[in-house]
Amino acid sequence: MSLEMIRALEELEKEKKIDREIIFKSIEEALESSYKRNNETLSNTKVKIDRNDGEIRVFATMNIVDEVKDPTTEISLAQARKISPDYSAGDITEIEITPKNFGRAAAQKAKQIIVQKIREEERNLIYNEYFSYEKDIIAGTIQRIEPSLYNKGEHTIYIDIGKTEAILTPQEQVPGEVYKVGDRIKTYVLEVKKTNKDPKIFVSRTHPGLVKRLFELEVAEIRQGFVEIKSISREAGFRTKIAVYSVDEKVDPVGACVGQKGQRVQNIVNELRDEKIDIIEWSVHSDEYIANSLSPSTVLRVEVNESEKSAKVVVPDNQLSLAIGKEGQNVRLAARLTGWKIDIKSESQIRSMLESDLLNLDYNSGIDFSAYTQDEPLSASAQEIVAQLFNDYVPDEENGGEKEE
């Protein structure tokens, strides 16, 4: 090596932030390995590079002994004391054995290693930088769109994120979203993967984590720890439900997420290209939480079965389709959000079930339930049986609501 090479490494350290000591050690290891391959009888050699002038030397590690039996690994005490009078038998010393013309060949090898190491370190720097974005949001510009080799009509999108590019596969794209070269886009980083070349960064537009991070960035109360996101369920491009909870009773968790005049949630909706978002309040009470999860529908009653993790829900007749949602989407998202199986019935369906079962009881109980089917109040004894049979649920005949006994 030369002084010019040393200066080049110093500049490299400043510009690329690559520690030159890492490169020095890599060169030493590579030259040492190469030397040993060409000199198989010498396994105790070391290559050292002077950090100041770049000179490359080869040293042999020798054991100091009274009587030499293996000259390739041992040196006599008398010879060792010519180097330093302080040596004693049993000590170890290094003897320079640099071959002639070794420097020129080594310098050429060093240049190759430097180029290789620079590329490797640059890849490591990129990997380490973007690995910190894993499970976070990253913004970039769509650089190119390539058709899938396997599925006609699908495309893989490559996004310029600065020092490298991110990959948005067809599976992680939102149905119906249109992507164009030059568009600015935010994505959720799924994985940063090391490869023999540049690291591969896989991102998503469909992952619930994208919505979670958008709320964390948009809502100050979440960042400050006053409001917690308890759960998220999402069908990308259509609807998301997010359950939030306030650790401070003075802070309204739903209101904080919605923002003044709905601005906060609207910013997120705009980023998700008009995906609907239901913000509901999480509750430690399962029945209340399940009722909230079916927003925007109104819920009259929830009966939970803790052992089966299932719930029966009663809604007004005019709210049944809203509670279930188009193709079952609303109840499906609510079930994912809460982790409960949810069975929804309308008031009319419950009334019909009660009437059918009560008429069958006429013959066994000795109580006349026929009045109930004629829209008249039940007797006290009949109400007691109904309460036991149907978990205290008795529709209020006059108001069409619910009545608990």
# chains A, B, ... in the order shown; residues from 1 in each chain; ligands from 1
call {"tool": "residues_around", "arguments": {"residues": "Glu55 of chain A", "least_positions_apart": "2", "cutoff": "12 Å", "atoms": "only C-alpha atoms", "output": "PDB file with all heavy atoms, in the first residue's frame"}}
result
ATOM      1  N   MET A   1       0.850  -1.189   0.000  1.00  0.00           N
ATOM      2  CA  MET A   1       0.000   0.000   0.000  1.00  0.00           C
ATOM      3  C   MET A   1       0.885   1.238   0.000  1.00  0.00           C
ATOM      4  O   MET A   1       2.084   1.170   0.247  1.00  0.00           O
ATOM      5  CB  MET A   1      -0.924   0.016   1.216  1.00  0.00           C
ATOM      6  CG  MET A   1      -1.987  -1.073   1.199  1.00  0.00           C
ATOM      7  SD  MET A   1      -3.071  -1.013   2.637  1.00  0.00           S
ATOM      8  CE  MET A   1      -4.043   0.447   2.252  1.00  0.00           C
ATOM      9  N   SER A   2       0.302   2.369  -0.254  1.00  0.00           N
ATOM     10  CA  SER A   2       1.040   3.621  -0.299  1.00  0.00           C
ATOM     11  C   SER A   2       0.370   4.655   0.569  1.00  0.00           C
ATOM     12  O   SER A   2      -0.750   4.456   1.069  1.00  0.00           O
ATOM     13  CB  SER A   2       1.107   4.124  -1.740  1.00  0.00           C
ATOM     14  OG  SER A   2      -0.209   4.404  -2.206  1.00  0.00           O
ATOM     15  N   LEU A   3       1.072   5.787   0.722  1.00  0.00           N
ATOM     16  CA  LEU A   3       0.472   6.887   1.481  1.00  0.00           C
ATOM     17  C   LEU A   3      -0.798   7.384   0.799  1.00  0.00           C
ATOM     18  O   LEU A   3      -1.745   7.800   1.470  1.00  0.00           O
ATOM     19  CB  LEU A   3       1.490   8.026   1.626  1.00  0.00           C
ATOM     20  CG  LEU A   3       2.621   7.790   2.629  1.00  0.00           C
ATOM     21  CD1 LEU A   3       3.636   8.920   2.556  1.00  0.00           C
ATOM     22  CD2 LEU A   3       2.056   7.687   4.046  1.00  0.00           C
ATOM     23  N   GLU A   4      -0.815   7.319  -0.555  1.00  0.00           N
ATOM     24  CA  GLU A   4      -2.009   7.753  -1.286  1.00  0.00           C
ATOM     25  C   GLU A   4      -3.216   6.883  -0.919  1.00  0.00           C
ATOM     26  O   GLU A   4      -4.335   7.368  -0.775  1.00  0.00           O
ATOM     27  CB  GLU A   4      -1.753   7.684  -2.803  1.00  0.00           C
ATOM     28  CG  GLU A   4      -0.824   8.744  -3.354  1.00  0.00           C
ATOM     29  CD  GLU A   4       0.625   8.470  -3.029  1.00  0.00           C
ATOM     30  OE1 GLU A   4       0.941   7.330  -2.615  1.00  0.00           O
ATOM     31  OE2 GLU A   4       1.447   9.397  -3.185  1.00  0.00           O
ATOM     32  N   MET A   5      -2.943   5.581  -0.756  1.00  0.00           N
ATOM     33  CA  MET A   5      -4.015   4.671  -0.374  1.00  0.00           C
ATOM     34  C   MET A   5      -4.506   4.966   1.042  1.00  0.00           C
ATOM     35  O   MET A   5      -5.715   4.914   1.317  1.00  0.00           O
ATOM     36  CB  MET A   5      -3.543   3.221  -0.474  1.00  0.00           C
ATOM     37  CG  MET A   5      -4.630   2.190  -0.294  1.00  0.00           C
ATOM     38  SD  MET A   5      -5.805   2.181  -1.657  1.00  0.00           S
ATOM     39  CE  MET A   5      -4.802   1.438  -2.950  1.00  0.00           C
ATOM     40  N   ILE A   6      -3.591   5.292   1.915  1.00  0.00           N
ATOM     41  CA  ILE A   6      -3.964   5.647   3.283  1.00  0.00           C
ATOM     42  C   ILE A   6      -4.855   6.883   3.281  1.00  0.00           C
ATOM     43  O   ILE A   6      -5.888   6.941   3.962  1.00  0.00           O
ATOM     44  CB  ILE A   6      -2.706   5.905   4.144  1.00  0.00           C
ATOM     45  CG1 ILE A   6      -1.851   4.635   4.259  1.00  0.00           C
ATOM     46  CG2 ILE A   6      -3.111   6.409   5.534  1.00  0.00           C
ATOM     47  CD1 ILE A   6      -2.481   3.515   5.018  1.00  0.00           C
ATOM     48  N   PHE A  24      -8.760  -2.057   7.013  1.00  0.00           N
ATOM     49  CA  PHE A  24      -7.398  -2.520   7.309  1.00  0.00           C
ATOM     50  C   PHE A  24      -7.403  -3.982   7.755  1.00  0.00           C
ATOM     51  O   PHE A  24      -6.624  -4.804   7.269  1.00  0.00           O
ATOM     52  CB  PHE A  24      -6.756  -1.649   8.392  1.00  0.00           C
ATOM     53  CG  PHE A  24      -6.122  -0.393   7.881  1.00  0.00           C
ATOM     54  CD1 PHE A  24      -6.439   0.841   8.427  1.00  0.00           C
ATOM     55  CD2 PHE A  24      -5.178  -0.437   6.864  1.00  0.00           C
ATOM     56  CE1 PHE A  24      -5.848   2.006   7.966  1.00  0.00           C
ATOM     57  CE2 PHE A  24      -4.575   0.726   6.397  1.00  0.00           C
ATOM     58  CZ  PHE A  24      -4.911   1.952   6.949  1.00  0.00           C
ATOM     59  N   GLU A  28      -5.722  -7.306   5.970  1.00  0.00           N
ATOM     60  CA  GLU A  28      -4.761  -8.148   6.689  1.00  0.00           C
ATOM     61  C   GLU A  28      -5.206  -9.605   6.707  1.00  0.00           C
ATOM     62  O   GLU A  28      -4.409 -10.524   6.456  1.00  0.00           O
ATOM     63  CB  GLU A  28      -4.573  -7.622   8.117  1.00  0.00           C
ATOM     64  CG  GLU A  28      -3.796  -6.318   8.179  1.00  0.00           C
ATOM     65  CD  GLU A  28      -3.784  -5.699   9.574  1.00  0.00           C
ATOM     66  OE1 GLU A  28      -4.689  -6.028  10.377  1.00  0.00           O
ATOM     67  OE2 GLU A  28      -2.887  -4.892   9.853  1.00  0.00           O
ATOM     68  N   VAL A  47      -0.116 -11.041   8.965  1.00  0.00           N
ATOM     69  CA  VAL A  47       0.173  -9.908   8.079  1.00  0.00           C
ATOM     70  C   VAL A  47      -0.263  -8.638   8.795  1.00  0.00           C
ATOM     71  O   VAL A  47      -1.372  -8.573   9.337  1.00  0.00           O
ATOM     72  CB  VAL A  47      -0.570 -10.053   6.736  1.00  0.00           C
ATOM     73  CG1 VAL A  47      -0.372  -8.792   5.895  1.00  0.00           C
ATOM     74  CG2 VAL A  47      -0.074 -11.276   5.991  1.00  0.00           C
ATOM     75  N   LYS A  48       0.616  -7.651   8.773  1.00  0.00           N
ATOM     76  CA  LYS A  48       0.314  -6.388   9.447  1.00  0.00           C
ATOM     77  C   LYS A  48       0.546  -5.228   8.486  1.00  0.00           C
ATOM     78  O   LYS A  48       1.522  -5.223   7.727  1.00  0.00           O
ATOM     79  CB  LYS A  48       1.189  -6.220  10.691  1.00  0.00           C
ATOM     80  CG  LYS A  48       0.894  -7.227  11.798  1.00  0.00           C
ATOM     81  CD  LYS A  48       1.719  -6.935  13.048  1.00  0.00           C
ATOM     82  CE  LYS A  48       1.402  -7.925  14.155  1.00  0.00           C
ATOM     83  NZ  LYS A  48       2.169  -7.640  15.397  1.00  0.00           N
ATOM     84  N   ILE A  49      -0.354  -4.260   8.553  1.00  0.00           N
ATOM     85  CA  ILE A  49      -0.234  -3.048   7.738  1.00  0.00           C
ATOM     86  C   ILE A  49       0.030  -1.876   8.663  1.00  0.00           C
ATOM     87  O   ILE A  49      -0.710  -1.651   9.628  1.00  0.00           O
ATOM     88  CB  ILE A  49      -1.515  -2.789   6.921  1.00  0.00           C
ATOM     89  CG1 ILE A  49      -1.823  -3.980   6.013  1.00  0.00           C
ATOM     90  CG2 ILE A  49      -1.378  -1.512   6.094  1.00  0.00           C
ATOM     91  CD1 ILE A  49      -3.150  -3.873   5.290  1.00  0.00           C
ATOM     92  N   ASP A  50       1.078  -1.139   8.374  1.00  0.00           N
ATOM     93  CA  ASP A  50       1.394   0.052   9.151  1.00  0.00           C
ATOM     94  C   ASP A  50       0.333   1.115   8.868  1.00  0.00           C
ATOM     95  O   ASP A  50       0.132   1.499   7.706  1.00  0.00           O
ATOM     96  CB  ASP A  50       2.789   0.573   8.793  1.00  0.00           C
ATOM     97  CG  ASP A  50       3.248   1.658   9.747  1.00  0.00           C
ATOM     98  OD1 ASP A  50       2.597   2.722   9.778  1.00  0.00           O
ATOM     99  OD2 ASP A  50       4.255   1.441  10.457  1.00  0.00           O
ATOM    100  N   ARG A  51      -0.368   1.556   9.905  1.00  0.00           N
ATOM    101  CA  ARG A  51      -1.469   2.514   9.719  1.00  0.00           C
ATOM    102  C   ARG A  51      -0.985   3.900   9.290  1.00  0.00           C
ATOM    103  O   ARG A  51      -1.786   4.714   8.822  1.00  0.00           O
ATOM    104  CB  ARG A  51      -2.267   2.663  11.005  1.00  0.00           C
ATOM    105  CG  ARG A  51      -3.248   1.577  11.454  1.00  0.00           C
ATOM    106  CD  ARG A  51      -3.382   0.365  10.667  1.00  0.00           C
ATOM    107  NE  ARG A  51      -4.368  -0.565  11.219  1.00  0.00           N
ATOM    108  CZ  ARG A  51      -4.319  -1.864  11.084  1.00  0.00           C
ATOM    109  NH1 ARG A  51      -3.303  -2.406  10.409  1.00  0.00           N
ATOM    110  NH2 ARG A  51      -5.248  -2.640  11.586  1.00  0.00           N
ATOM    111  N   ASN A  52       0.295   4.171   9.409  1.00  0.00           N
ATOM    112  CA  ASN A  52       0.830   5.495   9.067  1.00  0.00           C
ATOM    113  C   ASN A  52       1.379   5.563   7.649  1.00  0.00           C
ATOM    114  O   ASN A  52       1.087   6.497   6.906  1.00  0.00           O
ATOM    115  CB  ASN A  52       1.918   5.906  10.059  1.00  0.00           C
ATOM    116  CG  ASN A  52       1.369   6.072  11.470  1.00  0.00           C
ATOM    117  OD1 ASN A  52       0.308   6.668  11.661  1.00  0.00           O
ATOM    118  ND2 ASN A  52       2.070   5.538  12.452  1.00  0.00           N
ATOM    119  N   ASP A  53       2.208   4.575   7.262  1.00  0.00           N
ATOM    120  CA  ASP A  53       2.811   4.639   5.932  1.00  0.00           C
ATOM    121  C   ASP A  53       2.275   3.594   4.957  1.00  0.00           C
ATOM    122  O   ASP A  53       2.632   3.584   3.781  1.00  0.00           O
ATOM    123  CB  ASP A  53       4.341   4.519   6.027  1.00  0.00           C
ATOM    124  CG  ASP A  53       4.786   3.188   6.655  1.00  0.00           C
ATOM    125  OD1 ASP A  53       3.984   2.236   6.676  1.00  0.00           O
ATOM    126  OD2 ASP A  53       5.933   3.117   7.133  1.00  0.00           O
ATOM    127  N   ARG A  57       3.795  -5.971   5.990  1.00  0.00           N
ATOM    128  CA  ARG A  57       4.845  -6.898   6.424  1.00  0.00           C
ATOM    129  C   ARG A  57       4.219  -8.214   6.867  1.00  0.00           C
ATOM    130  O   ARG A  57       3.056  -8.253   7.302  1.00  0.00           O
ATOM    131  CB  ARG A  57       5.636  -6.300   7.600  1.00  0.00           C
ATOM    132  CG  ARG A  57       6.392  -5.022   7.268  1.00  0.00           C
ATOM    133  CD  ARG A  57       7.164  -4.552   8.505  1.00  0.00           C
ATOM    134  NE  ARG A  57       7.953  -3.351   8.253  1.00  0.00           N
ATOM    135  CZ  ARG A  57       7.477  -2.115   8.415  1.00  0.00           C
ATOM    136  NH1 ARG A  57       6.239  -1.926   8.844  1.00  0.00           N
ATOM    137  NH2 ARG A  57       8.268  -1.080   8.177  1.00  0.00           N
ATOM    138  N   VAL A  58       5.047  -9.289   6.773  1.00  0.00           N
ATOM    139  CA  VAL A  58       4.611 -10.618   7.217  1.00  0.00           C
ATOM    140  C   VAL A  58       5.466 -11.015   8.416  1.00  0.00           C
ATOM    141  O   VAL A  58       6.693 -10.866   8.387  1.00  0.00           O
ATOM    142  CB  VAL A  58       4.760 -11.662   6.105  1.00  0.00           C
ATOM    143  CG1 VAL A  58       4.254 -13.024   6.590  1.00  0.00           C
ATOM    144  CG2 VAL A  58       4.005 -11.231   4.856  1.00  0.00           C
ATOM    145  N   THR A  98       8.893 -11.161   5.771  1.00  0.00           N
ATOM    146  CA  THR A  98       8.272 -10.626   4.559  1.00  0.00           C
ATOM    147  C   THR A  98       9.063 -11.037   3.312  1.00  0.00           C
ATOM    148  O   THR A  98      10.259 -10.728   3.195  1.00  0.00           O
ATOM    149  CB  THR A  98       8.201  -9.093   4.609  1.00  0.00           C
ATOM    150  OG1 THR A  98       7.575  -8.692   5.822  1.00  0.00           O
ATOM    151  CG2 THR A  98       7.432  -8.548   3.424  1.00  0.00           C
ATOM    152  N   PHE A 102       6.758  -9.003  -2.109  1.00  0.00           N
ATOM    153  CA  PHE A 102       5.441  -9.269  -1.498  1.00  0.00           C
ATOM    154  C   PHE A 102       4.571  -8.012  -1.507  1.00  0.00           C
ATOM    155  O   PHE A 102       3.361  -8.079  -1.707  1.00  0.00           O
ATOM    156  CB  PHE A 102       5.626  -9.760  -0.060  1.00  0.00           C
ATOM    157  CG  PHE A 102       4.324 -10.057   0.643  1.00  0.00           C
ATOM    158  CD1 PHE A 102       3.616 -11.215   0.359  1.00  0.00           C
ATOM    159  CD2 PHE A 102       3.801  -9.164   1.578  1.00  0.00           C
ATOM    160  CE1 PHE A 102       2.412 -11.483   0.998  1.00  0.00           C
ATOM    161  CE2 PHE A 102       2.606  -9.423   2.216  1.00  0.00           C
ATOM    162  CZ  PHE A 102       1.908 -10.586   1.932  1.00  0.00           C
ATOM    163  N   GLY A 103       5.196  -6.858  -1.296  1.00  0.00           N
ATOM    164  CA  GLY A 103       4.446  -5.601  -1.207  1.00  0.00           C
ATOM    165  C   GLY A 103       3.651  -5.280  -2.446  1.00  0.00           C
ATOM    166  O   GLY A 103       2.507  -4.844  -2.368  1.00  0.00           O
ATOM    167  N   ARG A 104       4.261  -5.512  -3.653  1.00  0.00           N
ATOM    168  CA  ARG A 104       3.571  -5.167  -4.901  1.00  0.00           C
ATOM    169  C   ARG A 104       2.329  -6.033  -5.103  1.00  0.00           C
ATOM    170  O   ARG A 104       1.239  -5.542  -5.404  1.00  0.00           O
ATOM    171  CB  ARG A 104       4.523  -5.332  -6.076  1.00  0.00           C
ATOM    172  CG  ARG A 104       3.910  -4.940  -7.412  1.00  0.00           C
ATOM    173  CD  ARG A 104       4.903  -5.146  -8.538  1.00  0.00           C
ATOM    174  NE  ARG A 104       6.090  -4.311  -8.341  1.00  0.00           N
ATOM    175  CZ  ARG A 104       7.147  -4.341  -9.150  1.00  0.00           C
ATOM    176  NH1 ARG A 104       7.171  -5.182 -10.182  1.00  0.00           N
ATOM    177  NH2 ARG A 104       8.187  -3.545  -8.926  1.00  0.00           N
ATOM    178  N   ALA A 106       0.777  -7.696  -2.821  1.00  0.00           N
ATOM    179  CA  ALA A 106      -0.158  -7.442  -1.723  1.00  0.00           C
ATOM    180  C   ALA A 106      -0.950  -6.163  -1.960  1.00  0.00           C
ATOM    181  O   ALA A 106      -2.144  -6.079  -1.642  1.00  0.00           O
ATOM    182  CB  ALA A 106       0.609  -7.353  -0.409  1.00  0.00           C
ATOM    183  N   ALA A 107      -0.280  -5.150  -2.531  1.00  0.00           N
ATOM    184  CA  ALA A 107      -0.965  -3.886  -2.799  1.00  0.00           C
ATOM    185  C   ALA A 107      -2.093  -4.074  -3.808  1.00  0.00           C
ATOM    186  O   ALA A 107      -3.177  -3.482  -3.677  1.00  0.00           O
ATOM    187  CB  ALA A 107       0.036  -2.854  -3.304  1.00  0.00           C
ATOM    188  N   ALA A 110      -4.831  -5.750  -2.088  1.00  0.00           N
ATOM    189  CA  ALA A 110      -5.461  -4.805  -1.165  1.00  0.00           C
ATOM    190  C   ALA A 110      -6.478  -3.929  -1.874  1.00  0.00           C
ATOM    191  O   ALA A 110      -7.564  -3.646  -1.339  1.00  0.00           O
ATOM    192  CB  ALA A 110      -4.398  -3.955  -0.490  1.00  0.00           C
TER     193      ALA A 110
END
call {"tool": "select_by_dssp", "arguments": {"residues": "segment 65-169 of chain A", "states": "strand (DSSP E)", "output": "ChimeraX atom specification"}}
result
/A:65,74-76,92-96,137-147,155-160,165-168
call {"tool": "closest_residue", "arguments": {"among": "A:Pro199, A:Ser348, A:Thr187, A:Asp343", "to": "Leu272 of chain A", "atoms": "only C-alpha atoms"}}
result
A:Thr187
call {"tool": "closest_atom_pairs", "arguments": {"of": "segment 226-257 of chain A", "to": "segment 165-185 of chain A", "cutoff": "10 Å", "atoms": "only C-alpha atoms", "output": "JSON lines"}}
result
{"residue": "A:Glu235", "atom": "CA", "partner": "A:Val174", "partner_atom": "CA", "distance": 9.1}
{"residue": "A:Ala236", "atom": "CA", "partner": "A:Val174", "partner_atom": "CA", "distance": 5.8}
{"residue": "A:Gly237", "atom": "CA", "partner": "A:Val174", "partner_atom": "CA", "distance": 5.6}
{"residue": "A:Phe238", "atom": "CA", "partner": "A:Pro175", "partner_atom": "CA", "distance": 8.9}
call {"tool": "write_last_selection", "arguments": {"atoms": "N, CA and C atoms", "output": "PDB file, in the first residue's frame"}}
result
ATOM      1  N   GLU A 235     -59.913  -4.161   6.413  1.00  0.00           N
ATOM      2  CA  GLU A 235     -60.043  -4.702   5.068  1.00  0.00           C
ATOM      3  C   GLU A 235     -59.621  -3.570   4.148  1.00  0.00           C
ATOM      4  N   ALA A 236     -58.369  -3.619   3.736  1.00  0.00           N
ATOM      5  CA  ALA A 236     -57.729  -2.506   3.046  1.00  0.00           C
ATOM      6  C   ALA A 236     -58.522  -2.043   1.832  1.00  0.00           C
ATOM      7  N   GLY A 237     -58.674  -0.720   1.749  1.00  0.00           N
ATOM      8  CA  GLY A 237     -59.391  -0.127   0.635  1.00  0.00           C
ATOM      9  C   GLY A 237     -60.870   0.050   0.896  1.00  0.00           C
ATOM     10  N   PHE A 238     -61.376  -0.601   1.962  1.00  0.00           N
ATOM     11  CA  PHE A 238     -62.803  -0.537   2.247  1.00  0.00           C
ATOM     12  C   PHE A 238     -63.087   0.072   3.629  1.00  0.00           C
TER      13      PHE A 238
END
call {"tool": "atom_distance", "arguments": {"atom1": "atom CA of Lys194 of chain A", "atom2": "atom CA of Gln143 of chain A"}}
result
21.4 Å
